[in-house]
file model.cif (mmCIF, C-alpha atoms and all ligand atoms)
data_my_file
loop_
_atom_site.label_atom_id
_atom_site.label_comp_id
_atom_site.auth_asym_id
_atom_site.auth_seq_id
_atom_site.Cartn_x
_atom_site.Cartn_y
_atom_site.Cartn_z
CA MET A 1 36.40 -36.77 21.23
CA GLN A 2 36.94 -37.83 17.63
CA LEU A 3 39.23 -36.54 14.93
CA ILE A 4 38.59 -36.12 11.21
CA SER A 5 41.47 -35.41 8.83
CA HIS A 6 41.43 -32.39 6.52
CA SER A 7 40.84 -34.63 3.50
CA GLY A 8 38.21 -36.66 5.40
CA LEU A 9 36.33 -33.46 6.20
CA ALA A 10 36.41 -32.32 2.57
CA THR A 11 35.06 -35.72 1.45
CA TRP A 12 32.32 -35.62 4.09
CA LEU A 13 31.26 -32.11 3.06
CA ASP A 14 31.24 -33.12 -0.61
CA HIS A 15 28.95 -35.98 0.36
CA LEU A 16 26.65 -33.67 2.35
CA ALA A 17 26.49 -31.27 -0.60
CA GLN A 18 25.29 -34.15 -2.78
CA GLU A 19 22.77 -35.47 -0.26
CA THR A 20 21.19 -32.26 1.02
CA THR A 21 21.37 -28.50 0.77
CA LEU A 22 24.73 -27.56 2.24
CA ILE A 23 25.15 -23.92 3.23
CA ALA A 24 28.59 -22.59 4.16
CA PRO A 25 30.68 -19.39 4.10
CA ARG A 26 31.18 -18.54 0.42
CA ASN A 27 32.68 -15.63 -1.43
CA VAL A 28 29.86 -13.90 -3.34
CA ASP A 29 31.36 -11.18 -5.52
CA GLY A 30 33.88 -10.29 -2.83
CA VAL A 31 31.40 -10.51 0.07
CA LEU A 32 31.54 -13.43 2.49
CA LEU A 33 28.05 -14.85 3.07
CA TYR A 34 26.42 -18.09 4.18
CA ARG A 35 25.20 -19.50 0.88
CA PRO A 36 24.52 -22.94 -0.66
CA VAL A 37 27.69 -24.64 -1.93
CA GLN A 38 28.07 -27.44 -4.45
CA SER A 39 31.25 -28.89 -2.94
CA SER A 40 33.85 -28.28 -0.23
CA GLY A 41 35.92 -26.42 -2.83
CA ASP A 42 33.38 -23.55 -2.74
CA ILE A 43 33.87 -22.99 1.00
CA VAL A 44 35.98 -20.16 2.42
CA TRP A 45 37.91 -21.51 5.40
CA ASP A 46 39.94 -18.58 6.62
CA PHE A 47 37.52 -15.97 7.93
CA VAL A 48 36.48 -14.13 11.07
CA ARG A 49 32.75 -14.21 10.33
CA PRO A 50 30.52 -13.72 7.27
CA VAL A 51 29.23 -10.17 6.71
CA LEU A 52 25.64 -11.20 7.46
CA SER A 53 24.94 -13.59 10.31
CA VAL A 54 23.48 -17.05 9.87
CA LYS A 55 20.17 -15.50 11.01
CA GLU A 56 19.29 -14.83 7.36
CA ALA A 57 19.02 -18.57 6.68
CA PHE A 58 16.13 -18.73 9.19
CA PHE A 59 14.71 -15.23 9.03
CA PRO A 60 15.47 -13.97 5.50
CA ALA A 61 15.84 -10.28 4.73
CA THR A 62 12.67 -10.54 2.62
CA GLU A 63 10.33 -13.52 2.38
CA ARG A 64 6.89 -14.25 1.06
CA VAL A 65 4.72 -15.56 3.89
CA LEU A 66 1.35 -15.73 2.12
CA THR A 67 -0.29 -15.39 -1.24
CA ILE A 68 -3.73 -13.86 -1.38
CA GLU A 69 -6.26 -14.61 -4.10
CA LYS A 70 -9.36 -12.42 -4.34
CA THR A 71 -12.19 -13.53 -6.58
CA GLY A 72 -15.28 -11.35 -6.21
CA GLN A 73 -16.03 -11.34 -2.49
CA GLN A 74 -14.05 -14.55 -1.86
CA ILE A 75 -10.56 -14.36 -0.43
CA ARG A 76 -8.21 -17.33 -0.26
CA LEU A 77 -4.98 -17.25 1.73
CA ASN A 78 -2.15 -19.70 0.94
CA GLU A 79 0.67 -19.97 3.44
CA THR A 80 4.09 -20.50 1.87
CA VAL A 81 5.80 -22.54 4.59
CA PRO A 82 9.43 -23.41 3.76
CA ASP A 83 10.40 -27.03 3.27
CA GLY A 84 13.57 -29.04 2.63
CA GLU A 85 16.34 -30.16 4.98
CA ARG A 86 19.60 -28.25 5.19
CA VAL A 87 22.98 -28.43 6.85
CA ILE A 88 24.90 -25.27 7.61
CA PHE A 89 28.65 -25.69 7.98
CA GLY A 90 31.10 -23.19 9.41
CA VAL A 91 28.71 -21.55 11.86
CA ARG A 92 30.48 -19.27 14.32
CA SER A 93 29.68 -19.52 18.02
CA CYS A 94 28.41 -15.93 18.18
CA ASP A 95 25.83 -16.72 15.50
CA ALA A 96 24.60 -19.95 17.07
CA ARG A 97 24.35 -18.15 20.39
CA GLY A 98 22.10 -15.64 18.64
CA PHE A 99 19.47 -18.39 18.43
CA LEU A 100 18.94 -18.06 22.18
CA ALA A 101 17.49 -14.62 21.50
CA MET A 102 15.79 -15.52 18.21
CA ASP A 103 14.17 -18.70 19.60
CA ALA A 104 12.93 -16.82 22.67
CA LEU A 105 10.63 -14.75 20.48
CA PHE A 106 9.92 -16.84 17.38
CA ALA A 107 9.84 -20.36 18.86
CA ASN A 108 9.20 -20.05 22.61
CA THR A 109 6.54 -17.31 22.65
CA GLU A 110 3.00 -17.68 21.35
CA PRO A 111 2.11 -17.39 18.56
CA VAL A 112 4.99 -19.54 17.35
CA ASP A 113 6.44 -18.34 14.04
CA VAL A 114 5.95 -21.27 11.66
CA TYR A 115 8.39 -19.96 9.04
CA TYR A 116 11.26 -19.61 11.50
CA THR A 117 10.57 -22.78 13.49
CA THR A 118 10.18 -24.94 10.39
CA ARG A 119 13.60 -23.84 9.20
CA ARG A 120 15.08 -24.40 12.67
CA GLU A 121 13.67 -27.94 12.74
CA ASN A 122 14.86 -28.74 9.22
CA THR A 123 18.39 -27.42 9.64
CA ALA A 124 21.45 -28.87 11.34
CA LEU A 125 24.29 -26.61 12.42
CA ILE A 126 27.95 -27.63 12.21
CA GLY A 127 29.99 -25.11 14.15
CA LEU A 128 33.58 -24.11 13.48
CA SER A 129 35.51 -22.71 16.43
CA CYS A 130 37.51 -19.53 15.94
CA ASN A 131 41.23 -20.00 16.61
CA GLU A 132 41.39 -16.39 17.71
CA MET A 133 38.91 -13.55 18.20
CA GLY A 134 38.58 -10.96 15.45
CA GLU A 135 39.66 -7.40 16.17
CA THR A 136 36.15 -6.19 17.05
CA CYS A 137 34.81 -9.42 18.63
CA PHE A 138 33.78 -9.44 22.29
CA CYS A 139 31.79 -12.69 22.61
CA THR A 140 33.51 -13.54 25.90
CA SER A 141 31.95 -10.39 27.43
CA THR A 142 28.38 -11.42 26.58
CA GLY A 143 28.53 -15.00 27.88
CA GLY A 144 29.98 -16.76 24.83
CA ALA A 145 33.39 -17.91 23.64
CA PRO A 146 35.09 -18.54 20.27
CA ASP A 147 34.65 -22.29 20.80
CA ASP A 148 31.25 -22.19 22.56
CA PRO A 149 29.09 -25.07 21.23
CA THR A 150 25.78 -23.53 22.44
CA GLY A 151 23.14 -23.98 19.76
CA MET A 152 25.26 -26.26 17.54
CA ASP A 153 24.55 -29.86 16.54
CA LEU A 154 28.24 -30.63 15.92
CA MET A 155 31.23 -28.50 16.84
CA LEU A 156 34.53 -28.69 14.96
CA THR A 157 37.81 -27.27 16.19
CA GLU A 158 40.97 -27.28 14.11
CA VAL A 159 43.84 -29.29 15.57
CA ASP A 160 47.22 -30.32 14.11
CA ASP A 161 46.01 -33.29 12.07
CA GLY A 162 42.53 -32.14 11.15
CA TYR A 163 39.46 -31.21 13.17
CA ALA A 164 38.21 -32.40 16.55
CA ILE A 165 34.49 -33.24 16.38
CA GLN A 166 32.28 -32.65 19.38
CA VAL A 167 28.82 -34.21 19.09
CA ILE A 168 26.24 -31.94 20.74
CA THR A 169 22.86 -33.32 19.65
CA GLU A 170 21.34 -36.45 18.14
CA LYS A 171 20.68 -34.44 15.00
CA GLY A 172 24.43 -33.85 14.83
CA ALA A 173 25.31 -37.49 15.53
CA ALA A 174 23.10 -38.54 12.62
CA LEU A 175 25.22 -36.42 10.29
CA LEU A 176 28.57 -37.98 11.14
CA PRO A 177 30.36 -39.45 8.14
CA GLU A 178 30.18 -43.16 7.52
CA ILE A 179 33.91 -43.55 7.96
CA THR A 180 35.76 -44.68 11.04
CA LEU A 181 36.93 -41.57 12.85
CA GLN A 182 40.13 -41.65 14.88
CA GLU A 183 40.17 -40.88 18.58
CA LEU A 184 41.69 -37.47 19.24
CA ALA A 185 45.06 -37.97 20.90
CA GLY A 186 46.27 -34.53 22.03
CA GLU A 187 44.65 -31.52 23.66
CA ILE A 188 42.43 -29.07 21.77
CA PRO A 189 44.26 -25.73 21.46
CA GLN A 190 42.71 -22.83 23.36
CA PRO A 191 41.57 -19.84 21.28
CA VAL A 192 43.39 -16.52 21.57
CA LEU A 193 41.09 -14.10 23.42
CA ASN A 194 40.64 -10.32 23.34
CA ASP A 195 40.51 -8.25 26.50
CA PRO A 196 36.92 -8.23 27.81
CA VAL A 197 34.72 -5.12 27.62
CA PRO A 198 32.50 -4.09 30.55
CA PHE A 199 29.11 -5.75 30.62
CA PRO A 200 26.83 -3.41 32.61
CA PRO A 201 24.33 -5.39 34.69
CA MET A 202 20.64 -4.88 33.95
CA GLU A 203 20.14 -2.57 36.93
CA ALA A 204 22.76 -0.20 35.49
CA TRP A 205 20.53 0.72 32.54
CA PRO A 206 17.27 2.34 33.80
CA PRO A 207 19.02 5.15 35.76
CA GLN A 208 20.72 6.25 32.50
CA PHE A 209 17.48 6.56 30.53
CA ASN A 210 17.33 10.36 30.62
CA ASP A 211 21.05 11.01 30.39
CA ALA A 212 22.24 13.48 27.74
CA TYR A 213 24.69 10.80 26.60
CA TRP A 214 22.17 9.26 24.18
CA ALA A 215 21.56 12.41 22.15
CA ASP A 216 25.31 13.18 22.03
CA MET A 217 26.27 9.66 21.02
CA ALA A 218 23.56 9.41 18.36
CA GLU A 219 24.18 12.77 16.73
CA ARG A 220 26.27 11.22 13.95
CA CYS A 221 23.95 8.23 13.38
CA LEU A 222 22.63 8.09 9.80
CA SER A 223 19.60 5.93 10.72
CA CYS A 224 20.77 3.56 7.99
CA ARG A 225 19.82 0.41 10.01
CA ILE A 226 22.88 -1.55 8.87
CA CYS A 227 23.69 -2.33 12.50
CA ALA A 228 20.44 -4.29 12.82
CA TYR A 229 20.67 -6.02 9.48
CA VAL A 230 24.07 -7.56 10.20
CA CYS A 231 23.12 -8.52 13.76
CA PRO A 232 22.45 -12.19 14.65
CA THR A 233 19.79 -11.19 17.22
CA CYS A 234 17.90 -8.20 15.74
CA ARG A 235 14.55 -9.58 14.68
CA CYS A 236 12.19 -6.66 13.96
CA PHE A 237 10.28 -6.87 10.71
CA ASP A 238 7.70 -5.09 8.60
CA VAL A 239 4.83 -6.77 6.73
CA ARG A 240 3.47 -5.54 3.41
CA ASP A 241 1.03 -6.73 0.76
CA GLU A 242 2.23 -6.29 -2.81
CA PRO A 243 0.10 -6.84 -5.95
CA LEU A 244 0.89 -9.71 -8.32
CA PRO A 245 -0.37 -10.02 -11.92
CA ALA A 246 -4.11 -10.83 -12.11
CA GLU A 247 -4.98 -14.37 -13.22
CA ASN A 248 -8.22 -15.95 -14.44
CA GLY A 249 -10.31 -13.01 -13.29
CA SER A 250 -8.82 -13.06 -9.78
CA GLN A 251 -6.64 -10.48 -8.10
CA HIS A 252 -3.42 -11.83 -6.59
CA PHE A 253 -1.21 -10.39 -3.89
CA GLU A 254 1.78 -11.58 -1.93
CA ARG A 255 2.34 -10.80 1.72
CA ILE A 256 6.01 -10.27 2.38
CA ARG A 257 7.90 -9.59 5.52
CA CYS A 258 11.21 -7.83 5.49
CA TRP A 259 13.76 -6.79 8.08
CA ASP A 260 13.17 -3.52 9.85
CA SER A 261 15.00 -1.77 12.64
CA CYS A 262 14.29 0.53 15.55
CA ALA A 263 17.21 2.65 14.27
CA GLY A 264 15.07 3.64 11.27
CA GLU A 265 13.45 7.05 11.32
CA VAL A 266 9.81 6.00 10.80
CA TYR A 267 9.94 2.67 12.65
CA ARG A 268 7.77 3.95 15.50
CA GLN A 269 5.67 6.38 13.49
CA ILE A 270 1.96 5.74 14.06
CA ALA A 271 -1.29 6.75 12.40
CA GLY A 272 -1.61 10.52 12.23
CA GLY A 273 2.15 10.90 11.82
CA HIS A 274 3.09 11.01 15.49
CA ASN A 275 6.51 9.51 16.15
CA PRO A 276 7.39 8.87 19.81
CA ARG A 277 11.01 8.19 18.81
CA ALA A 278 11.54 10.95 16.30
CA ALA A 279 14.90 11.93 17.81
CA LYS A 280 17.97 9.91 16.89
CA GLY A 281 19.07 9.81 20.52
CA ASP A 282 15.78 8.15 21.49
CA ARG A 283 16.18 5.58 18.74
CA MET A 284 19.77 4.73 19.61
CA ARG A 285 18.89 4.55 23.27
CA ASN A 286 16.14 2.10 22.41
CA ARG A 287 18.53 -0.03 20.36
CA PHE A 288 20.95 -0.47 23.22
CA PHE A 289 18.32 -0.69 25.97
CA CYS A 290 16.60 -3.39 23.93
CA LYS A 291 19.77 -5.46 23.69
CA PHE A 292 20.77 -5.27 27.31
CA TYR A 293 17.64 -4.41 29.29
CA TYR A 294 14.22 -4.68 27.59
CA TYR A 295 14.81 -7.98 25.81
CA PRO A 296 16.42 -9.86 28.70
CA GLU A 297 13.74 -8.51 31.01
CA GLN A 298 10.91 -9.69 28.76
CA TYR A 299 12.33 -12.84 27.15
CA GLY A 300 15.44 -13.85 29.11
CA PRO A 301 18.45 -13.82 26.77
CA VAL A 302 20.66 -10.77 26.22
CA ALA A 303 20.19 -9.64 22.61
CA CYS A 304 23.88 -9.23 21.83
CA THR A 305 26.36 -12.04 21.28
CA GLY A 306 29.42 -9.83 20.96
CA CYS A 307 29.98 -10.72 17.30
CA GLY A 308 31.30 -7.23 16.56
CA ARG A 309 29.55 -7.00 13.20
CA CYS A 310 27.76 -3.74 13.98
CA VAL A 311 31.09 -2.22 15.04
CA ASP A 312 32.62 -3.14 11.68
CA ALA A 313 29.57 -2.19 9.62
CA CYS A 314 28.52 1.18 11.04
CA PRO A 315 29.53 3.85 8.50
CA VAL A 316 30.02 6.46 11.25
CA ASN A 317 31.81 4.26 13.79
CA ILE A 318 29.12 3.97 16.42
CA ASP A 319 30.62 1.24 18.59
CA ILE A 320 28.47 -0.84 20.92
CA THR A 321 31.48 -1.58 23.14
CA GLU A 322 31.93 2.17 23.69
CA VAL A 323 28.27 2.33 24.72
CA MET A 324 28.85 -0.50 27.19
CA HIS A 325 31.88 1.35 28.59
CA ALA A 326 29.82 4.56 28.83
CA VAL A 327 26.86 2.96 30.62
CA GLN A 328 29.21 1.26 33.05
CA ARG A 329 30.96 4.60 33.70
CA LEU A 330 27.65 6.47 34.13
CA ALA A 331 26.40 3.77 36.51
CA GLU A 332 29.54 4.10 38.62
CA VAL A 333 29.20 7.90 38.77
CA GLU A 334 25.46 7.81 39.49
CA PRO A 335 24.83 4.42 41.11
S1 LIG B 401 27.95 -6.97 18.45
FE1 LIG B 401 26.39 -5.79 17.34
S2 LIG B 401 25.83 -7.08 15.59
FE2 LIG B 401 26.89 -8.42 17.06
S3 LIG B 401 25.26 -9.31 18.35
FE3 LIG B 401 25.96 -7.44 19.40
S4 LIG B 401 24.57 -5.83 18.67
FE4 LIG B 401 24.36 -7.55 17.25
S1 LIG B 402 24.85 1.42 11.44
FE1 LIG B 402 25.53 3.22 12.57
S2 LIG B 402 24.72 4.95 11.38
FE2 LIG B 402 23.58 3.14 10.72
S3 LIG B 402 21.74 3.09 12.07
FE3 LIG B 402 23.29 1.79 13.06
S4 LIG B 402 24.32 3.19 14.47
FE4 LIG B 402 23.21 4.52 13.00
#
call {"tool": "encode", "arguments": {"input": "model.cif", "output": "structure tokens"}}
result
Amino acid sequence: MQLISHSGLATWLDHLAQETTLIAPRNVDGVLLYRPVQSSGDIVWDFVRPVLSVKEAFFPATERVLTIEKTGQQIRLNETVPDGERVIFGVRSCDARGFLAMDALFANTEPVDVYYTTRRENTALIGLSCNEMGETCFCTSTGGAPDDPTGMDLMLTEVDDGYAIQVITEKGAALLPEITLQELAGEIPQPVLNDPVPFPPMEAWPPQFNDAYWADMAERCLSCRICAYVCPTCRCFDVRDEPLPAENGSQHFERIRCWDSCAGEVYRQIAGGHNPRAAKGDRMRNRFFCKFYYYPEQYGPVACTGCGRCVDACPVNIDITEVMHAVQRLAEVEP
């Protein structure tokens, strides 16, 4: 493995910022987010994880997917496919692991989502290992680790004299700086881990479907959907057509898609007003069943990377790790 000094890394990132769009953790009015930076000096280095996951660089909170031009009876659709290469630096392992779940739907299932996959193809990920897990992190309980390189192109881990560089993909190798890197002499330090939380196996979930636990647990939920918006694997969206100013006798519209969440009150409401998940308990149950049962059953990956963001963000302290404890307990009582 190779070693880059602290100053060598700063110079390399400055170069990347000149050559391409470099996205990295940045302080935006007191909120840490993945955003474009102009130089290494803009980057925040000491952090657990940005408030929003790196998902938003591939699946934005709101994006225009089409413009629609209507002239008389003629309708023309123009797809607005993203372009431009990007490098994202400082990606946490829990976020890159989230791509297992995101890719399963958007890239590996027909119809392929051209907006998401184009960004995936045009973007290289440089990971930054966590030296220790944050207070609410539990990535080691969902198959990950603070230094897990899954999904990265390059993985950096801080050592005494700089950063160890692990090359994961050819895309990553092509990014390496044009300076001679030293060979890493010592061992890479192991991250400090939290105690694991129970990870109920898939078969533990269906028997708990009708348990009173869900209504009790969800009573305090505000249906605010923040838990889904901060999550690196939640991928539900809504699509709307909005009018644009008329031009040259034609009507113009934009089709936008924006994040949505099964925690929202009207998410499942259908024509005629019927809502099969009108009760908060049903919605919360769906959220957790989706992460640990429905999604892995249908697509393969578990839809939780243990990043802990939803635990930190929920205004009424609904804690996914408590749900995992509860399902494990219920499964042991009623196997
Ligand atoms: S801990 Fe919460 S926010 Fe993080 S991946 Fe799991 S469900 Fe999503
Ligand atoms: S963040 Fe908390 S209150 Fe808001 S929808 Fe999610 S669980 Fe409910």
call {"tool": "closest_atom_pairs", "arguments": {"input": "model.cif", "of": "chain A", "to": "ligand LIG 401 (chain B)", "cutoff": "8 Å", "atoms": "all atoms listed in the file", "output": "tab-separated table"}}
result
residue	atom	partner	partner_atom	distance
A:Cys94	CA	B:LIG401	S3	7.3
A:Asp95	CA	B:LIG401	S3	8.0
A:Gly98	CA	B:LIG401	S3	7.1
A:Cys137	CA	B:LIG401	S1	7.3
A:Phe138	CA	B:LIG401	S1	7.4
A:Cys227	CA	B:LIG401	S2	6.1
A:Ala228	CA	B:LIG401	S2	6.7
A:Val230	CA	B:LIG401	S2	5.7
A:Cys231	CA	B:LIG401	S2	3.6
A:Pro232	CA	B:LIG401	S3	5.5
A:Thr233	CA	B:LIG401	FE4	5.8
A:Cys234	CA	B:LIG401	FE4	6.7
A:Phe288	CA	B:LIG401	S4	7.9
A:Lys291	CA	B:LIG401	S4	7.0
A:Ala303	CA	B:LIG401	S3	6.6
A:Cys304	CA	B:LIG401	FE3	3.7
A:Thr305	CA	B:LIG401	S3	4.2
A:Gly306	CA	B:LIG401	S1	4.1
A:Cys307	CA	B:LIG401	FE2	3.9
A:Gly308	CA	B:LIG401	S1	3.9
A:Arg309	CA	B:LIG401	S2	4.4
A:Cys310	CA	B:LIG401	FE1	4.2
A:Val311	CA	B:LIG401	FE1	6.3
A:Ile320	CA	B:LIG401	FE1	6.5
A:Thr321	CA	B:LIG401	S1	8.0
call {"tool": "write_last_selection", "arguments": {"input": "model.cif", "atoms": "C-alpha atoms", "output": "tab-separated table (two decimals), keeping the file's coordinate frame"}}
result
chain	number	residue	atom	x	y	z
A	94	CYS	CA	28.41	-15.93	18.18
A	95	ASP	CA	25.83	-16.72	15.50
A	98	GLY	CA	22.10	-15.64	18.64
A	137	CYS	CA	34.81	-9.42	18.63
A	138	PHE	CA	33.78	-9.44	22.29
A	227	CYS	CA	23.69	-2.33	12.50
A	228	ALA	CA	20.44	-4.29	12.82
A	230	VAL	CA	24.07	-7.56	10.20
A	231	CYS	CA	23.12	-8.52	13.76
A	232	PRO	CA	22.45	-12.19	14.65
A	233	THR	CA	19.79	-11.19	17.22
A	234	CYS	CA	17.90	-8.20	15.74
A	288	PHE	CA	20.95	-0.47	23.22
A	291	LYS	CA	19.77	-5.46	23.69
A	303	ALA	CA	20.19	-9.64	22.61
A	304	CYS	CA	23.88	-9.23	21.83
A	305	THR	CA	26.36	-12.04	21.28
A	306	GLY	CA	29.42	-9.83	20.96
A	307	CYS	CA	29.98	-10.72	17.30
A	308	GLY	CA	31.30	-7.23	16.56
A	309	ARG	CA	29.55	-7.00	13.20
A	310	CYS	CA	27.76	-3.74	13.98
A	311	VAL	CA	31.09	-2.22	15.04
A	320	ILE	CA	28.47	-0.84	20.92
A	321	THR	CA	31.48	-1.58	23.14
call {"tool": "residues_around", "arguments": {"input": "model.cif", "residues": "range 61-65 of chain A", "least_positions_apart": "6", "cutoff": "7 Å", "atoms": "all atoms listed in the file", "output": "list in words"}}
result
Glu79, Thr80, Glu254, Arg255, Ile256, Arg257, Cys258 and Trp259 of chain A
call {"tool": "closest_residue", "arguments": {"input": "model.cif", "among": "A:Ala246, A:Val51, A:Leu33, A:Ile179", "to": "Trp12 in chain A", "atoms": "all atoms listed in the file"}}
result
A:Ile179
call {"tool": "residues_around", "arguments": {"input": "model.cif", "residues": "range 182-186 of chain A", "least_positions_apart": "6", "cutoff": "7 Å", "atoms": "only C-alpha atoms", "output": "list in words"}}
result
Met1, Gln2, Leu3, Ile4 and Ala164 of chain A
call {"tool": "closest_atom_pairs", "arguments": {"input": "model.cif", "of": "chain A", "to": "ligand LIG 402 (chain B)", "cutoff": "8 Å", "atoms": "all atoms listed in the file", "output": "tab-separated table"}}
result
residue	atom	partner	partner_atom	distance
A:Ala218	CA	B:LIG402	FE4	7.3
A:Arg220	CA	B:LIG402	S2	7.0
A:Cys221	CA	B:LIG402	FE4	3.8
A:Leu222	CA	B:LIG402	S2	4.1
A:Ser223	CA	B:LIG402	S3	3.8
A:Cys224	CA	B:LIG402	FE2	3.9
A:Arg225	CA	B:LIG402	S3	3.9
A:Ile226	CA	B:LIG402	S1	4.4
A:Cys227	CA	B:LIG402	S1	4.1
A:Ala228	CA	B:LIG402	FE3	6.7
A:Ala263	CA	B:LIG402	S3	5.1
A:Gly264	CA	B:LIG402	S3	6.7
A:Met284	CA	B:LIG402	S4	7.0
A:Cys310	CA	B:LIG402	S1	6.4
A:Ala313	CA	B:LIG402	S1	6.2
A:Cys314	CA	B:LIG402	S1	3.7
A:Pro315	CA	B:LIG402	S2	5.7
A:Val316	CA	B:LIG402	S2	5.5
A:Asn317	CA	B:LIG402	FE1	6.5
A:Ile318	CA	B:LIG402	S4	5.2
A:Asp319	CA	B:LIG402	S4	7.8
call {"tool": "residues_around", "arguments": {"input": "model.cif", "residues": "range 187-199 of chain A", "least_positions_apart": "6", "cutoff": "12 Å", "atoms": "only C-alpha atoms", "output": "number ranges by chain"}}
result
A: 1-3, 128-148, 156-166, 205, 291-293, 302, 304-306, 308, 319-329, 331-332
call {"tool": "axis_aligned_box", "arguments": {"input": "model.cif", "around": "range 63-66 of chain A", "padding_each_side": "8 Å", "output": "lines of an AutoDock Vina configuration file"}}
result
center_x = 5.8
center_y = -14.6
center_z = 2.5
size_x = 25.0
size_y = 18.2
size_z = 18.8
call {"tool": "atom_distance", "arguments": {"input": "model.cif", "atom1": "CA of Ser53 in chain A", "atom2": "CA of Leu9 in chain A"}}
result
23.3 Å
call {"tool": "closest_residue", "arguments": {"input": "model.cif", "among": "A:Ala104, A:Val239, A:Leu52, A:Val28", "to": "Tyr116 in chain A", "atoms": "all atoms listed in the file"}}
result
A:Ala104
call {"tool": "closest_residue", "arguments": {"input": "model.cif", "among": "A:Asp241, A:Leu16, A:Arg235, A:Thr180", "to": "Ile126 in chain A", "atoms": "all atoms listed in the file"}}
result
A:Leu16
call {"tool": "atom_distance", "arguments": {"input": "model.cif", "atom1": "CA of Val266 in chain A", "atom2": "CA of Ala278 in chain A"}}
result
7.6 Å
